[in-house]
$ cat query-v9.pdb   # PDB, C-alpha atoms and all ligand atoms
MODEL        1
ATOM      1  CA  MET A  19      97.419 187.471 150.382  1.00  0.00           C
ATOM      2  CA  LYS A  20      97.287 190.864 148.665  1.00  0.00           C
ATOM      3  CA  LEU A  21      94.908 191.321 145.760  1.00  0.00           C
ATOM      4  CA  PHE A  22      95.784 194.192 143.435  1.00  0.00           C
ATOM      5  CA  PHE A  23      92.328 195.651 143.049  1.00  0.00           C
ATOM      6  CA  SER A  24      90.328 198.162 141.020  1.00  0.00           C
ATOM      7  CA  PRO A  25      86.667 198.927 141.833  1.00  0.00           C
ATOM      8  CA  THR A  26      85.793 199.229 138.114  1.00  0.00           C
ATOM      9  CA  SER A  27      87.504 196.086 136.842  1.00  0.00           C
ATOM     10  CA  PRO A  28      85.098 193.247 136.064  1.00  0.00           C
ATOM     11  CA  TYR A  29      87.973 190.728 136.218  1.00  0.00           C
ATOM     12  CA  VAL A  30      88.799 191.894 139.740  1.00  0.00           C
ATOM     13  CA  ARG A  31      85.106 191.692 140.530  1.00  0.00           C
ATOM     14  CA  LYS A  32      85.004 188.088 139.352  1.00  0.00           C
ATOM     15  CA  VAL A  33      87.812 187.201 141.745  1.00  0.00           C
ATOM     16  CA  VAL A  34      86.242 189.058 144.677  1.00  0.00           C
ATOM     17  CA  VAL A  35      82.806 187.532 144.036  1.00  0.00           C
ATOM     18  CA  ALA A  36      84.448 184.100 143.883  1.00  0.00           C
ATOM     19  CA  ALA A  37      86.259 184.735 147.187  1.00  0.00           C
ATOM     20  CA  ARG A  38      83.008 185.849 148.820  1.00  0.00           C
ATOM     21  CA  GLU A  39      81.068 182.880 147.493  1.00  0.00           C
ATOM     22  CA  LEU A  40      83.859 180.572 148.720  1.00  0.00           C
ATOM     23  CA  GLY A  41      83.804 182.216 152.154  1.00  0.00           C
ATOM     24  CA  ILE A  42      87.483 183.246 152.076  1.00  0.00           C
ATOM     25  CA  LEU A  43      87.284 186.962 151.340  1.00  0.00           C
ATOM     26  CA  ASP A  44      88.767 187.705 154.773  1.00  0.00           C
ATOM     27  CA  ARG A  45      92.045 186.153 153.586  1.00  0.00           C
ATOM     28  CA  LEU A  46      92.472 188.832 150.911  1.00  0.00           C
ATOM     29  CA  GLU A  47      93.876 192.284 151.545  1.00  0.00           C
ATOM     30  CA  LEU A  48      92.576 194.531 148.760  1.00  0.00           C
ATOM     31  CA  VAL A  49      95.221 196.945 147.471  1.00  0.00           C
ATOM     32  CA  VAL A  50      93.731 199.638 145.236  1.00  0.00           C
ATOM     33  CA  THR A  51      95.896 199.754 142.104  1.00  0.00           C
ATOM     34  CA  SER A  52      95.745 201.758 138.912  1.00  0.00           C
ATOM     35  CA  ALA A  53      96.374 200.033 135.588  1.00  0.00           C
ATOM     36  CA  SER A  54      96.290 201.494 132.110  1.00  0.00           C
ATOM     37  CA  PRO A  55      97.750 200.403 128.792  1.00  0.00           C
ATOM     38  CA  VAL A  56      99.223 203.905 128.362  1.00  0.00           C
ATOM     39  CA  ASP A  57     100.837 204.248 131.811  1.00  0.00           C
ATOM     40  CA  SER A  58     104.336 202.935 131.282  1.00  0.00           C
ATOM     41  CA  GLY A  59     105.430 203.409 134.893  1.00  0.00           C
ATOM     42  CA  ALA A  60     102.516 201.891 136.824  1.00  0.00           C
ATOM     43  CA  PRO A  61     103.717 200.028 139.958  1.00  0.00           C
ATOM     44  CA  ILE A  62     101.579 196.972 139.051  1.00  0.00           C
ATOM     45  CA  GLN A  63     104.096 196.254 136.283  1.00  0.00           C
ATOM     46  CA  GLY A  64     106.566 195.263 138.994  1.00  0.00           C
ATOM     47  CA  TYR A  65     104.232 192.394 139.939  1.00  0.00           C
ATOM     48  CA  ASN A  66     102.564 191.578 136.632  1.00  0.00           C
ATOM     49  CA  PRO A  67     104.630 192.326 133.514  1.00  0.00           C
ATOM     50  CA  LEU A  68     101.365 192.652 131.589  1.00  0.00           C
ATOM     51  CA  GLY A  69     100.535 195.645 133.794  1.00  0.00           C
ATOM     52  CA  LYS A  70      97.000 194.408 134.469  1.00  0.00           C
ATOM     53  CA  VAL A  71      94.771 193.849 137.475  1.00  0.00           C
ATOM     54  CA  PRO A  72      93.918 191.586 139.134  1.00  0.00           C
ATOM     55  CA  ALA A  73      97.174 190.069 140.373  1.00  0.00           C
ATOM     56  CA  LEU A  74      97.491 188.156 143.635  1.00  0.00           C
ATOM     57  CA  LEU A  75     100.608 188.400 145.797  1.00  0.00           C
ATOM     58  CA  LEU A  76     100.957 185.326 147.990  1.00  0.00           C
ATOM     59  CA  ASP A  77     102.605 185.421 151.410  1.00  0.00           C
ATOM     60  CA  ASP A  78     105.726 183.688 150.026  1.00  0.00           C
ATOM     61  CA  GLY A  79     106.155 186.379 147.346  1.00  0.00           C
ATOM     62  CA  THR A  80     104.691 184.398 144.436  1.00  0.00           C
ATOM     63  CA  VAL A  81     102.482 186.465 142.135  1.00  0.00           C
ATOM     64  CA  LEU A  82      99.506 184.883 140.399  1.00  0.00           C
ATOM     65  CA  PHE A  83      97.700 186.342 137.394  1.00  0.00           C
ATOM     66  CA  ASP A  84      95.353 186.529 135.557  1.00  0.00           C
ATOM     67  CA  SER A  85      91.812 186.440 137.004  1.00  0.00           C
ATOM     68  CA  ARG A  86      91.212 182.871 135.793  1.00  0.00           C
ATOM     69  CA  VAL A  87      94.318 181.592 137.525  1.00  0.00           C
ATOM     70  CA  ILE A  88      93.550 183.523 140.712  1.00  0.00           C
ATOM     71  CA  ALA A  89      89.957 182.281 140.841  1.00  0.00           C
ATOM     72  CA  GLU A  90      91.098 178.671 140.455  1.00  0.00           C
ATOM     73  CA  TYR A  91      93.769 179.150 143.118  1.00  0.00           C
ATOM     74  CA  LEU A  92      91.168 180.535 145.543  1.00  0.00           C
ATOM     75  CA  ASP A  93      88.894 177.592 144.774  1.00  0.00           C
ATOM     76  CA  GLY A  94      91.755 175.296 145.805  1.00  0.00           C
ATOM     77  CA  GLN A  95      92.316 177.293 148.976  1.00  0.00           C
ATOM     78  CA  ALA A  96      88.665 176.728 149.854  1.00  0.00           C
ATOM     79  CA  GLY A  97      88.989 172.960 149.454  1.00  0.00           C
ATOM     80  CA  GLY A  98      88.708 172.639 145.681  1.00  0.00           C
ATOM     81  CA  ALA A  99      86.098 171.636 143.111  1.00  0.00           C
ATOM     82  CA  LYS A 100      83.592 174.230 144.291  1.00  0.00           C
ATOM     83  CA  LEU A 101      83.553 176.845 141.513  1.00  0.00           C
ATOM     84  CA  PHE A 102      85.753 174.752 139.206  1.00  0.00           C
ATOM     85  CA  PRO A 103      83.962 171.418 139.027  1.00  0.00           C
ATOM     86  CA  GLU A 104      85.846 168.223 138.279  1.00  0.00           C
ATOM     87  CA  GLY A 105      85.188 165.772 135.452  1.00  0.00           C
ATOM     88  CA  ALA A 106      82.878 166.555 132.568  1.00  0.00           C
ATOM     89  CA  ALA A 107      81.298 169.545 134.339  1.00  0.00           C
ATOM     90  CA  ARG A 108      84.642 171.401 134.290  1.00  0.00           C
ATOM     91  CA  TRP A 109      84.538 172.107 130.567  1.00  0.00           C
ATOM     92  CA  PRO A 110      81.256 174.000 130.324  1.00  0.00           C
ATOM     93  CA  ALA A 111      82.218 176.010 133.423  1.00  0.00           C
ATOM     94  CA  ILE A 112      85.531 177.170 131.972  1.00  0.00           C
ATOM     95  CA  VAL A 113      84.218 177.630 128.429  1.00  0.00           C
ATOM     96  CA  LEU A 114      81.491 179.892 129.812  1.00  0.00           C
ATOM     97  CA  GLN A 115      84.181 181.788 131.731  1.00  0.00           C
ATOM     98  CA  ALA A 116      86.203 182.141 128.500  1.00  0.00           C
ATOM     99  CA  LEU A 117      83.132 183.431 126.661  1.00  0.00           C
ATOM    100  CA  ALA A 118      82.323 186.011 129.332  1.00  0.00           C
ATOM    101  CA  ASP A 119      85.948 187.115 129.691  1.00  0.00           C
ATOM    102  CA  GLY A 120      86.275 187.362 125.912  1.00  0.00           C
ATOM    103  CA  MET A 121      83.215 189.612 125.771  1.00  0.00           C
ATOM    104  CA  LEU A 122      84.881 191.744 128.426  1.00  0.00           C
ATOM    105  CA  ASP A 123      88.159 191.848 126.518  1.00  0.00           C
ATOM    106  CA  ALA A 124      86.268 193.248 123.512  1.00  0.00           C
ATOM    107  CA  ALA A 125      84.236 195.716 125.597  1.00  0.00           C
ATOM    108  CA  ILE A 126      87.349 196.992 127.382  1.00  0.00           C
ATOM    109  CA  LEU A 127      89.385 197.348 124.186  1.00  0.00           C
ATOM    110  CA  THR A 128      86.471 199.393 122.843  1.00  0.00           C
ATOM    111  CA  ARG A 129      86.468 201.550 125.954  1.00  0.00           C
ATOM    112  CA  TYR A 130      90.193 202.183 125.703  1.00  0.00           C
ATOM    113  CA  GLU A 131      89.724 203.105 122.043  1.00  0.00           C
ATOM    114  CA  GLN A 132      86.963 205.572 122.927  1.00  0.00           C
ATOM    115  CA  VAL A 133      88.461 207.027 126.110  1.00  0.00           C
ATOM    116  CA  LEU A 134      92.240 206.768 125.797  1.00  0.00           C
ATOM    117  CA  ARG A 135      93.009 206.932 122.096  1.00  0.00           C
ATOM    118  CA  PRO A 136      93.252 210.449 120.637  1.00  0.00           C
ATOM    119  CA  ALA A 137      90.112 211.259 118.615  1.00  0.00           C
ATOM    120  CA  GLU A 138      91.957 211.649 115.302  1.00  0.00           C
ATOM    121  CA  LYS A 139      93.409 208.140 115.598  1.00  0.00           C
ATOM    122  CA  ARG A 140      90.163 206.287 116.321  1.00  0.00           C
ATOM    123  CA  TRP A 141      89.030 203.549 113.958  1.00  0.00           C
ATOM    124  CA  PRO A 142      85.222 203.049 113.913  1.00  0.00           C
ATOM    125  CA  GLU A 143      85.334 199.726 111.995  1.00  0.00           C
ATOM    126  CA  TRP A 144      87.609 198.261 114.638  1.00  0.00           C
ATOM    127  CA  VAL A 145      85.259 199.401 117.419  1.00  0.00           C
ATOM    128  CA  GLU A 146      82.342 197.903 115.515  1.00  0.00           C
ATOM    129  CA  GLY A 147      84.223 194.622 115.152  1.00  0.00           C
ATOM    130  CA  GLN A 148      84.918 194.498 118.896  1.00  0.00           C
ATOM    131  CA  MET A 149      81.341 195.348 119.867  1.00  0.00           C
ATOM    132  CA  ASN A 150      80.078 192.703 117.429  1.00  0.00           C
ATOM    133  CA  LYS A 151      81.970 190.168 119.532  1.00  0.00           C
ATOM    134  CA  VAL A 152      80.041 191.396 122.564  1.00  0.00           C
ATOM    135  CA  VAL A 153      76.724 191.139 120.714  1.00  0.00           C
ATOM    136  CA  ARG A 154      77.443 187.616 119.440  1.00  0.00           C
ATOM    137  CA  GLY A 155      78.459 186.631 122.967  1.00  0.00           C
ATOM    138  CA  LEU A 156      75.214 188.007 124.369  1.00  0.00           C
ATOM    139  CA  ASP A 157      73.270 186.071 121.734  1.00  0.00           C
ATOM    140  CA  GLN A 158      75.063 182.859 122.626  1.00  0.00           C
ATOM    141  CA  LEU A 159      74.448 183.430 126.343  1.00  0.00           C
ATOM    142  CA  GLU A 160      70.720 183.764 125.587  1.00  0.00           C
ATOM    143  CA  GLN A 161      70.523 180.843 123.178  1.00  0.00           C
ATOM    144  CA  ARG A 162      72.845 178.271 124.722  1.00  0.00           C
ATOM    145  CA  TRP A 163      73.753 179.089 128.279  1.00  0.00           C
ATOM    146  CA  THR A 164      70.682 180.044 130.295  1.00  0.00           C
ATOM    147  CA  GLY A 165      70.140 176.403 131.326  1.00  0.00           C
ATOM    148  CA  HIS A 166      73.693 176.202 132.664  1.00  0.00           C
ATOM    149  CA  LEU A 167      73.415 179.610 134.307  1.00  0.00           C
ATOM    150  CA  SER A 168      70.345 178.446 136.230  1.00  0.00           C
ATOM    151  CA  GLY A 169      72.200 175.398 137.577  1.00  0.00           C
ATOM    152  CA  PRO A 170      74.785 175.148 140.372  1.00  0.00           C
ATOM    153  CA  LEU A 171      77.023 178.187 140.837  1.00  0.00           C
ATOM    154  CA  ASP A 172      80.386 177.879 139.103  1.00  0.00           C
ATOM    155  CA  ILE A 173      83.064 180.195 137.763  1.00  0.00           C
ATOM    156  CA  GLY A 174      81.252 180.474 134.430  1.00  0.00           C
ATOM    157  CA  CYS A 175      78.114 181.848 136.113  1.00  0.00           C
ATOM    158  CA  ILE A 176      80.188 184.371 138.072  1.00  0.00           C
ATOM    159  CA  ALA A 177      82.104 185.461 134.957  1.00  0.00           C
ATOM    160  CA  ALA A 178      78.862 185.900 132.998  1.00  0.00           C
ATOM    161  CA  GLY A 179      77.302 187.941 135.815  1.00  0.00           C
ATOM    162  CA  CYS A 180      80.366 190.189 136.045  1.00  0.00           C
ATOM    163  CA  ALA A 181      80.423 190.672 132.254  1.00  0.00           C
ATOM    164  CA  LEU A 182      76.769 191.731 132.193  1.00  0.00           C
ATOM    165  CA  GLY A 183      77.376 194.034 135.159  1.00  0.00           C
ATOM    166  CA  TYR A 184      80.257 195.672 133.288  1.00  0.00           C
ATOM    167  CA  LEU A 185      78.100 196.226 130.200  1.00  0.00           C
ATOM    168  CA  ASP A 186      75.484 197.936 132.377  1.00  0.00           C
ATOM    169  CA  PHE A 187      78.207 200.047 134.013  1.00  0.00           C
ATOM    170  CA  ARG A 188      80.121 201.220 130.919  1.00  0.00           C
ATOM    171  CA  TYR A 189      77.536 200.741 128.163  1.00  0.00           C
ATOM    172  CA  PRO A 190      74.191 201.628 129.792  1.00  0.00           C
ATOM    173  CA  ASP A 191      72.593 202.360 126.387  1.00  0.00           C
ATOM    174  CA  LEU A 192      73.435 198.971 124.866  1.00  0.00           C
ATOM    175  CA  GLY A 193      69.927 197.675 125.558  1.00  0.00           C
ATOM    176  CA  TRP A 194      71.056 194.032 125.683  1.00  0.00           C
ATOM    177  CA  ARG A 195      67.979 192.908 127.629  1.00  0.00           C
ATOM    178  CA  ALA A 196      65.400 193.806 124.959  1.00  0.00           C
ATOM    179  CA  GLU A 197      65.891 190.714 122.785  1.00  0.00           C
ATOM    180  CA  ARG A 198      67.304 188.407 125.451  1.00  0.00           C
ATOM    181  CA  PRO A 199      64.539 187.842 127.998  1.00  0.00           C
ATOM    182  CA  ALA A 200      65.889 184.604 129.497  1.00  0.00           C
ATOM    183  CA  LEU A 201      69.325 186.110 130.106  1.00  0.00           C
ATOM    184  CA  ALA A 202      67.798 189.294 131.527  1.00  0.00           C
ATOM    185  CA  SER A 203      65.653 187.270 133.913  1.00  0.00           C
ATOM    186  CA  TRP A 204      68.633 185.177 135.087  1.00  0.00           C
ATOM    187  CA  TYR A 205      70.781 188.274 135.594  1.00  0.00           C
ATOM    188  CA  GLU A 206      68.107 190.018 137.652  1.00  0.00           C
ATOM    189  CA  GLY A 207      68.262 187.195 140.170  1.00  0.00           C
ATOM    190  CA  PHE A 208      72.037 186.796 140.004  1.00  0.00           C
ATOM    191  CA  ALA A 209      72.726 190.513 140.484  1.00  0.00           C
ATOM    192  CA  ALA A 210      70.758 190.365 143.751  1.00  0.00           C
ATOM    193  CA  ARG A 211      73.206 187.919 145.339  1.00  0.00           C
ATOM    194  CA  PRO A 212      74.999 189.539 148.286  1.00  0.00           C
ATOM    195  CA  ALA A 213      78.401 188.966 146.652  1.00  0.00           C
ATOM    196  CA  MET A 214      77.261 190.877 143.556  1.00  0.00           C
ATOM    197  CA  GLN A 215      75.567 193.635 145.544  1.00  0.00           C
ATOM    198  CA  ALA A 216      78.736 194.161 147.585  1.00  0.00           C
ATOM    199  CA  THR A 217      80.924 194.511 144.491  1.00  0.00           C
ATOM    200  CA  GLU A 218      78.922 196.827 142.231  1.00  0.00           C
ATOM    201  CA  PRO A 219      81.396 198.815 140.110  1.00  0.00           C
ATOM    202  CA  LYS A 220      82.038 202.402 141.192  1.00  0.00           C
ATOM    203  CA  GLY A 221      84.090 205.136 139.661  1.00  0.00           C
TER     204      GLY A 221
HETATM  205  O1  LIG B   1      95.397 196.793 129.722  1.00  0.00           O
HETATM  206  C1  LIG B   1      96.021 197.346 130.650  1.00  0.00           C
HETATM  207  O2  LIG B   1      97.199 197.710 130.545  1.00  0.00           O
HETATM  208  C2  LIG B   1      95.343 197.606 131.981  1.00  0.00           C
HETATM  209  N1  LIG B   1      94.060 196.978 132.062  1.00  0.00           N
HETATM  210  C3  LIG B   1      93.673 196.223 133.104  1.00  0.00           C
HETATM  211  O3  LIG B   1      94.378 196.000 134.069  1.00  0.00           O
HETATM  212  C4  LIG B   1      92.284 195.616 133.031  1.00  0.00           C
HETATM  213  C5  LIG B   1      91.410 196.302 134.071  1.00  0.00           C
HETATM  214  S1  LIG B   1      89.700 196.221 133.663  1.00  0.00           S
HETATM  215  N2  LIG B   1      92.390 194.226 133.379  1.00  0.00           N
HETATM  216  C6  LIG B   1      92.504 193.294 132.421  1.00  0.00           C
HETATM  217  O4  LIG B   1      92.435 193.576 131.209  1.00  0.00           O
HETATM  218  C7  LIG B   1      92.729 191.882 132.937  1.00  0.00           C
HETATM  219  C8  LIG B   1      92.435 190.824 131.860  1.00  0.00           C
HETATM  220  C9  LIG B   1      93.015 189.451 132.240  1.00  0.00           C
HETATM  221  N3  LIG B   1      92.852 188.530 131.142  1.00  0.00           N
HETATM  222  C10 LIG B   1      92.336 188.862 133.485  1.00  0.00           C
HETATM  223  O5  LIG B   1      92.729 189.193 134.610  1.00  0.00           O
HETATM  224  O6  LIG B   1      91.469 188.009 133.333  1.00  0.00           O
HETATM  225  C11 LIG B   1      89.326 197.951 133.660  1.00  0.00           C
HETATM  226  C12 LIG B   1      87.967 198.218 133.090  1.00  0.00           C
HETATM  227  C13 LIG B   1      87.443 199.607 133.368  1.00  0.00           C
HETATM  228  O7  LIG B   1      87.872 200.290 134.320  1.00  0.00           O
HETATM  229  O8  LIG B   1      86.470 200.022 132.658  1.00  0.00           O
ENDMDL
END
$ encode --input "query-v9.pdb" --output "structure tokens" --more "lines below"
Ligand code: 99T
Amino acid sequence: MKLFFSPTSPYVRKVVVAARELGILDRLELVVTSASPVDSGAPIQGYNPLGKVPALLLDDGTVLFDSRVIAEYLDGQAGGAKLFPEGAARWPAIVLQALADGMLDAAILTRYEQVLRPAEKRWPEWVEGQMNKVVRGLDQLEQRWTGHLSGPLDIGCIAAGCALGYLDFRYPDLGWRAERPALASWYEGFAARPAMQATEPKG
């Protein structure tokens, strides 16, 4: 299987961390791929019409996207119900993943606004609205999710860890730890896992 990969993408990181934790990373060939909302000719668009990474090319030519679908597929390849629990435990795992991915969506839209959009076209209120989503997500992680995060590893825990890692990477001055001691303490331990250490964003 070929995984269209970027070393700075937290969604790619989530998939790679999941593959490592499932013990099937050796089945993925990582193909470094550029993706940008303002690159109309990027080759990834031939595999994923949304032009985004990650995408997973299976040996029979099927392409899977996005990161949530790929992570669940890999879980199945590893026997199933490991990172995506069955029964009642499935819902908190995938809601936590949706929360963490949604925080990332807002953080990445903000980054594109600040890095890609021409300065004269930037809209500060829109950036503020996006970053407020990140802040509310951080608050909910601290208030409602630290018990779950400290339990068995699932896709929600991995997504949350990758989201926090992305905030540290792209927004080092955010200072999210100051008022969220339980989340900071959980992340310190989670970030030390070999799968997280091996996938620290670079670039
Ligand atoms: O938006 C684009 O056209 C290109 N962006 C991407 O490919 C980003 C890379 S993170 N990926 C996604 O937005 C995937 C989101 C999807 N819902 C999923 O897979 O879960 C790049 C971040 C950075 O370099 O700072």
$ residues_near_ligand --input "query-v9.pdb" --ligand "ligand LIG 1 (chain B)" --cutoff "8 Å" --atoms "all atoms listed in the file" --output "list in words"
Ser24, Pro25, Thr26, Ser27, Pro28, Tyr29, Val30, Ser52, Ala53, Ser54, Pro55, Val56, Asp57, Leu68, Gly69, Lys70, Val71, Pro72, Ala73, Phe83, Asp84, Ser85, Arg86, Asp119, Asp123, Ile126, Arg129, Tyr184 and Arg188 of chain A
$ closest_residue --input "query-v9.pdb" --among "A:Gly207, A:Trp144, A:Leu192, A:Thr51" --to "Ser168 (chain A)" --atoms "all atoms listed in the file"
A:Gly207
$ closest_residue --input "query-v9.pdb" --among "A:Leu171, A:Val145, A:Ala202, A:Ile112" --to "Thr128 (chain A)" --atoms "only C-alpha atoms"
A:Val145
$ atom_distance --input "query-v9.pdb" --atom1 "CA of Arg198 (chain A)" --atom2 "CA of Pro110 (chain A)"
20.6 Å
$ resolve_selection --input "query-v9.pdb" --expression "the PyMOL selection byres (((chain A and resi 97-101) around 12) and not hetatm)" --output "count of residues only"
38
$ atom_distance --input "query-v9.pdb" --atom1 "CA of Leu201 (chain A)" --atom2 "CA of Ile88 (chain A)"
26.6 Å
$ atom_distance --input "query-v9.pdb" --atom1 "CA of Val152 (chain A)" --atom2 "CA of Gly120 (chain A)"
8.1 Å
$ closest_residue --input "query-v9.pdb" --among "A:Leu43, A:Ala209, A:Ala216, A:Val153" --to "Gly193 (chain A)" --atoms "all atoms listed in the file"
A:Val153
$ closest_residue --input "query-v9.pdb" --among "A:Lys20, A:Val87, A:Arg31, A:Ala116" --to "Tyr65 (chain A)" --atoms "only C-alpha atoms"
A:Lys20
$ closest_residue --input "query-v9.pdb" --among "A:Leu21, A:Leu182, A:Ala200, A:Leu46" --to "Gln161 (chain A)" --atoms "only C-alpha atoms"
A:Ala200
$ axis_aligned_box --input "query-v9.pdb" --around "region 48-66 of chain A" --padding-each-side "8 Å" --output "AutoDock Vina command-line options"
--center_x 99.6 --center_y 197.9 --center_z 138.6 --size_x 30.0 --size_y 28.7 --size_z 36.4
$ resolve_selection --input "query-v9.pdb" --expression "the PyMOL selection byres (((chain A and resi 49) around 6) and not hetatm)" --output "list of chain:residue names"
A:Leu21, A:Phe22, A:Phe23, A:Leu48, A:Val50
$ decode --input "query-v9.pdb" --residues "region 34-45 of chain A" --atoms "N, CA and C atoms" --output "tab-separated table (two decimals), in the first residue's frame"
chain	number	residue	atom	x	y	z
A	34	VAL	N	0.03	7.42	10.45
A	34	VAL	CA	1.30	6.72	10.64
A	34	VAL	C	1.43	6.24	12.09
A	35	VAL	N	1.01	7.08	13.03
A	35	VAL	CA	1.04	6.65	14.44
A	35	VAL	C	0.12	5.43	14.62
A	36	ALA	N	-1.06	5.48	14.01
A	36	ALA	CA	-1.98	4.34	14.11
A	36	ALA	C	-1.33	3.08	13.54
A	37	ALA	N	-0.69	3.21	12.37
A	37	ALA	CA	-0.05	2.03	11.75
A	37	ALA	C	1.06	1.48	12.64
A	38	ARG	N	1.83	2.39	13.25
A	38	ARG	CA	2.89	1.93	14.17
A	38	ARG	C	2.30	1.24	15.38
A	39	GLU	N	1.28	1.84	15.96
A	39	GLU	CA	0.68	1.25	17.17
A	39	GLU	C	0.03	-0.10	16.85
A	40	LEU	N	-0.45	-0.23	15.61
A	40	LEU	CA	-1.07	-1.51	15.19
A	40	LEU	C	-0.04	-2.54	14.76
A	41	GLY	N	1.21	-2.10	14.60
A	41	GLY	CA	2.28	-3.03	14.21
A	41	GLY	C	2.27	-3.36	12.73
A	42	ILE	N	1.71	-2.47	11.89
A	42	ILE	CA	1.65	-2.76	10.44
A	42	ILE	C	2.30	-1.66	9.60
A	43	LEU	N	3.16	-0.87	10.23
A	43	LEU	CA	3.79	0.21	9.46
A	43	LEU	C	4.58	-0.33	8.27
A	44	ASP	N	5.16	-1.52	8.44
A	44	ASP	CA	5.99	-2.08	7.35
A	44	ASP	C	5.16	-2.38	6.10
A	45	ARG	N	3.86	-2.34	6.19
A	45	ARG	CA	3.03	-2.59	5.00
A	45	ARG	C	2.75	-1.32	4.21
